[in-house]
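Engineer: One structure, pasted below without further comment.
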Amino acid sequence: MINIRKLEAELWESADLLRQGSKLTSSQYCMPVLALLFLRYAFSRYKMVEQEILANRPTRGGRVMPVEPSDFAAKSALYLPREAQYDYLVNLPDNIVAAGLKTKEGQDINSLGEAVNNAMQLVEAQSEQLTGVLPKTYTMFADDLLRELLRIFNNKTIDEVGGDIIGRIYEYFLSKFAKAVASDDGVFFTPKSLVKMLVNVLEPTQGVMLDPACGSGGMFVQTGDFVNQAGHNANTNMTFYGQEKVEYNAQLCLMNMAVHGLNGRIISGDEANSFYHDAHNLAGKCDYVMANPPFNVDKVKAESASAAGRLPFGLPGVNQKTKEIGNANYLWISYFYAYLNDHGRAGFVMASSATDSANKDRDIREKLVRTGDVDVMVSVGNNFFYTLSLPCSLWFFDRNKHADIRDKVLFIDARNYYTVVDRTLNEWTEWQLRNLQAIVHLYRGEKEKYQSLIRDYIEILDNVSAPLTQERLEEVIKNGEKEYSTRFAACLEHEKKQAKEAIASATRKEKKQVEAEWKETIEHWEDLLETARQFEWLTEKFGDGEYKDVLGLCKIATIQEIEEKNYSLTPGAYVGVAEQEDDGVDFHERMTEIHAELAQLNKDANALMDEIQKAWEELK
């Protein structure tokens, strides 16, 4: 079994070591490296589609008809001329000049960098969506460094697991670069777990989707994955539109979409400034709107914003002296609502402060709540972003809510529910995302989706591939689910003990191999244990699938209750604070013990100081 996470990490480490050995900054390195990954993906997909075409290819005079660009277009794949194919570039000789290569314009190619630039131009000539997007700056790389980069991404393991895995590797690289090159005017990456949460709650199926602050296109990619995993074709079912003011980010977006096989129309530059332009003329026409807009933007020209429309609840507060909007959060919120058609859904990331900001913001929020279209509000804890440690919130609108929840809003406080990645970064795992989604399903009365999740859990925890019986499902729910975590914790401890003994008895030559094998085994049991714990977290709260308010986690509030709290949309104001589990320790007794321990430590310290002083005096 191939460890994809290990492959991602190894490829990144190798590529980043090359950067460190060069004179290039992360910003200079980012786009060319991602474009090479794109080219590697395009080649992998090209070879796969070529085999499909040749399998049923007619012959003429005993010879198979050669493939043509139109054959690939018919299969929604990119045709690659020979000089743009990855294996061609990897196998170019060290002496490029002696090879006598020519560019598409007929000029001599004198370096590997020029050969790669030419490849990028040839690819752009095959795709209108990519025209002017791919970098042609490879001559800034020394040929040796560029050759090594090409070799790194030519990893045979990629072909073993399938070309589509490069989409995941591309996202991994994008997230790693985000830490290094994000800045105030160029943040281009929304953490995957936040994007997946938005998509999971919106559950897109077909129609028009807009991201008016699209960055590197994560919303499109996750939406495409969701639709494809449901058994549909994202390019057939969805029409993607994006606006992105920063052209560099828009290039990343188009490459990201191309890597994942998606088509879309992305507008960038001044005409894509969403404060002043509805660049695609989509007000009132969208089935889905998703975005992670820049928070707390100031100095937006009020007159220009007003003239651009999409303000169903009016302008936020305006400084009458400067005629500027001091905080644009509610401009964004108004836009997202205004883009929806009469059955549309919106999901977006927003600064936590917007859920209960005052003055004109509060007035807009009241009008918004009274529409009945606010669906779900989620509080997110600290450290979910690569460049910001502040918490945020996720907002969801639904213009076509079920009648029985029309006057209700689901509040989820997930600030204490996450997985620590490292000291500065948290995320939701796949199971945690599905658990949060399950709460939404129960709120919407979709009990069958909750039951489906429970089945997925038990099939993995029971390690069975056969269909799960209803009897087994009821048995697990009824008898309590701690059996899984108790069993897997014991297995994990046993495996750790076995690993320690095996590594200790291995020869020096065998040690690395033995360590690697046991590491994979232990990770397997750790994953199972964590899955069991997430299963228990969910079923302890909602059993076999009846929604209930859970103190400190979730509550369904009516519009009347929201009115009583001055139209605050802060989940914490509704869900309350969960009771702390009694750890069985008597507080006063423990404080007395600590006081006694501290007194003894002070006494010991004083005695030690006396001895040191005495020794010092004797030395004089």
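Following the order of the structure tokens, chains are lettered A, B, ..., residues in each are numbered from 1, and ligands are numbered from 1.
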With DSSP run on the backbone, what are the alpha helix (DSSP H) residues within stretch 233-363 of chain A? I'd like them as an NGL selection string.
Structural biologist: :A and (234-237 or 247-259 or 302-307 or 329-338 or 360-363)
Engineer: Show me a table, sorted first by chain and then by increasing residue number, of the residues of stretch 439-540 of chain A having an atom at most 8 Å from stretch 422-435 of chain A, each with its shortest atom pair and the distance in Å to one decimal, counting only C-alpha atoms and written as a Markdown table.
Structural biologist:
| residue | atom | partner | partner_atom | distance |
| --- | --- | --- | --- | --- |
| A:Ile439 | CA | A:Asn435 | CA | 6.6 |
| A:Leu453 | CA | A:Arg434 | CA | 7.7 |
| A:Thr531 | CA | A:Trp431 | CA | 7.0 |
| A:Gln534 | CA | A:Trp431 | CA | 6.6 |
| A:Leu538 | CA | A:Asn435 | CA | 6.4 |
Engineer: Residues within 9 Å of A:Ile96, please, as a list in words. Count only C-alpha atoms; anything in the same chain fewer than 6 positions from it doesn't count.
Structural biologist: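 With the cut-off at 9 Å, the set is Ile109, Asn110, Ser111, Leu112 and Ala115 of chain A.
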Engineer: Can you tell me which residues surround A:Cys392 at a distance of at most 6 Å, considering only C-alpha atoms, apart from same-chain residues fewer than 6 positions away, and format the answer as a ChimeraX atom specification?
Structural biologist: /A:350-352,380
Engineer: Take the selection from the previous step and output its residues with N, CA and C atoms, as a PDB file, in the first residue's frame.
Structural biologist:
ATOM      1  N   MET A 350     -16.034  34.294   7.507  1.00  0.00           N
ATOM      2  CA  MET A 350     -16.143  35.702   7.888  1.00  0.00           C
ATOM      3  C   MET A 350     -15.468  35.920   9.246  1.00  0.00           C
ATOM      4  N   ALA A 351     -15.009  37.150   9.465  1.00  0.00           N
ATOM      5  CA  ALA A 351     -14.424  37.514  10.755  1.00  0.00           C
ATOM      6  C   ALA A 351     -15.439  37.270  11.864  1.00  0.00           C
ATOM      7  N   SER A 352     -14.986  36.749  12.991  1.00  0.00           N
ATOM      8  CA  SER A 352     -15.890  36.451  14.105  1.00  0.00           C
ATOM      9  C   SER A 352     -16.637  37.687  14.585  1.00  0.00           C
ATOM     10  N   VAL A 380     -15.538  28.917  14.564  1.00  0.00           N
ATOM     11  CA  VAL A 380     -14.304  28.157  14.329  1.00  0.00           C
ATOM     12  C   VAL A 380     -13.228  28.696  15.257  1.00  0.00           C
TER      13      VAL A 380
END
Engineer: List as JSON lines every residue of stretch 168-231 of chain A that is in contact with stretch 37-58 of chain A, defined as an atom at most 12 Å from one of its atoms (using only C-alpha atoms), together with the nearest atom pair and the distance in Å rounded to one decimal, sorted by chain and then rising number.
Structural biologist:
{"residue": "A:Arg168", "atom": "CA", "partner": "A:Tyr41", "partner_atom": "CA", "distance": 10.6}
{"residue": "A:Ile169", "atom": "CA", "partner": "A:Leu37", "partner_atom": "CA", "distance": 8.2}
{"residue": "A:Tyr170", "atom": "CA", "partner": "A:Leu37", "partner_atom": "CA", "distance": 6.5}
{"residue": "A:Glu171", "atom": "CA", "partner": "A:Leu37", "partner_atom": "CA", "distance": 10.3}
{"residue": "A:Tyr172", "atom": "CA", "partner": "A:Leu37", "partner_atom": "CA", "distance": 11.2}
{"residue": "A:Phe173", "atom": "CA", "partner": "A:Leu37", "partner_atom": "CA", "distance": 9.2}
{"residue": "A:Leu174", "atom": "CA", "partner": "A:Leu37", "partner_atom": "CA", "distance": 10.7}
Engineer: Write a file of the just-selected residues containing all heavy atoms, as a short mmCIF file (atom, residue, chain, number, x, y, z; two decimals), in the first residue's frame.
Structural biologist:
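Okay, out_10.cif is ready:
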data_model
loop_
_atom_site.label_atom_id
_atom_site.label_comp_id
_atom_site.auth_asym_id
_atom_site.auth_seq_id
_atom_site.Cartn_x
_atom_site.Cartn_y
_atom_site.Cartn_z
N ARG A 168 -3.95 16.17 -5.68
CA ARG A 168 -3.76 16.26 -4.22
C ARG A 168 -2.36 16.79 -3.90
O ARG A 168 -2.19 17.59 -2.99
CB ARG A 168 -3.96 14.88 -3.59
CG ARG A 168 -3.67 14.85 -2.12
CD ARG A 168 -4.13 13.57 -1.47
NE ARG A 168 -3.49 13.41 -0.17
CZ ARG A 168 -3.75 12.42 0.67
NH1 ARG A 168 -4.65 11.51 0.37
NH2 ARG A 168 -3.10 12.33 1.81
N ILE A 169 -1.35 16.32 -4.64
CA ILE A 169 0.02 16.79 -4.40
C ILE A 169 0.11 18.29 -4.71
O ILE A 169 0.77 19.04 -3.98
CB ILE A 169 1.02 15.98 -5.26
CG1 ILE A 169 1.04 14.53 -4.79
CG2 ILE A 169 2.42 16.59 -5.18
CD1 ILE A 169 1.80 13.59 -5.71
N TYR A 170 -0.57 18.73 -5.76
CA TYR A 170 -0.60 20.16 -6.11
C TYR A 170 -1.16 20.96 -4.93
O TYR A 170 -0.61 21.97 -4.53
CB TYR A 170 -1.44 20.36 -7.36
CG TYR A 170 -1.52 21.80 -7.84
CD1 TYR A 170 -0.68 22.26 -8.85
CD2 TYR A 170 -2.44 22.69 -7.29
CE1 TYR A 170 -0.76 23.58 -9.30
CE2 TYR A 170 -2.52 24.00 -7.73
CZ TYR A 170 -1.68 24.43 -8.73
OH TYR A 170 -1.76 25.74 -9.15
N GLU A 171 -2.28 20.49 -4.37
CA GLU A 171 -2.89 21.19 -3.23
C GLU A 171 -1.94 21.22 -2.04
O GLU A 171 -1.86 22.21 -1.32
CB GLU A 171 -4.19 20.49 -2.82
CG GLU A 171 -5.34 20.70 -3.79
CD GLU A 171 -6.60 20.00 -3.30
OE1 GLU A 171 -7.03 20.28 -2.17
OE2 GLU A 171 -7.14 19.17 -4.05
N TYR A 172 -1.22 20.11 -1.84
CA TYR A 172 -0.27 20.04 -0.72
C TYR A 172 0.83 21.09 -0.90
O TYR A 172 1.17 21.82 0.03
CB TYR A 172 0.32 18.63 -0.64
CG TYR A 172 1.31 18.44 0.48
CD1 TYR A 172 0.86 18.20 1.78
CD2 TYR A 172 2.67 18.48 0.27
CE1 TYR A 172 1.75 18.01 2.82
CE2 TYR A 172 3.58 18.29 1.30
CZ TYR A 172 3.11 18.05 2.57
OH TYR A 172 4.01 17.86 3.61
N PHE A 173 1.37 21.17 -2.10
CA PHE A 173 2.41 22.17 -2.39
C PHE A 173 1.85 23.58 -2.23
O PHE A 173 2.51 24.47 -1.69
CB PHE A 173 2.97 21.97 -3.80
CG PHE A 173 4.15 21.05 -3.87
CD1 PHE A 173 4.03 19.71 -3.48
CD2 PHE A 173 5.37 21.49 -4.31
CE1 PHE A 173 5.12 18.86 -3.54
CE2 PHE A 173 6.47 20.65 -4.37
CZ PHE A 173 6.35 19.32 -3.99
N LEU A 174 0.64 23.79 -2.70
CA LEU A 174 0.01 25.10 -2.60
C LEU A 174 -0.11 25.52 -1.14
O LEU A 174 0.17 26.67 -0.77
CB LEU A 174 -1.37 25.06 -3.26
CG LEU A 174 -2.08 26.38 -3.57
CD1 LEU A 174 -1.21 27.29 -4.42
CD2 LEU A 174 -3.39 26.09 -4.28
#
Engineer: For A:Ile267, work out the shell of residues within 9 Å, counting only C-alpha atoms and skipping chain neighbours fewer than 5 positions away, then give it as a PyMOL selection string.
Structural biologist: chain A and resi 241-245+247+250+272+279-280
Engineer: One decimal, in Å: what's the spacing between atom CA of A:Met238 and atom CA of A:Gly261?
Structural biologist: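 Distance between the two atoms: 12.7 Å.
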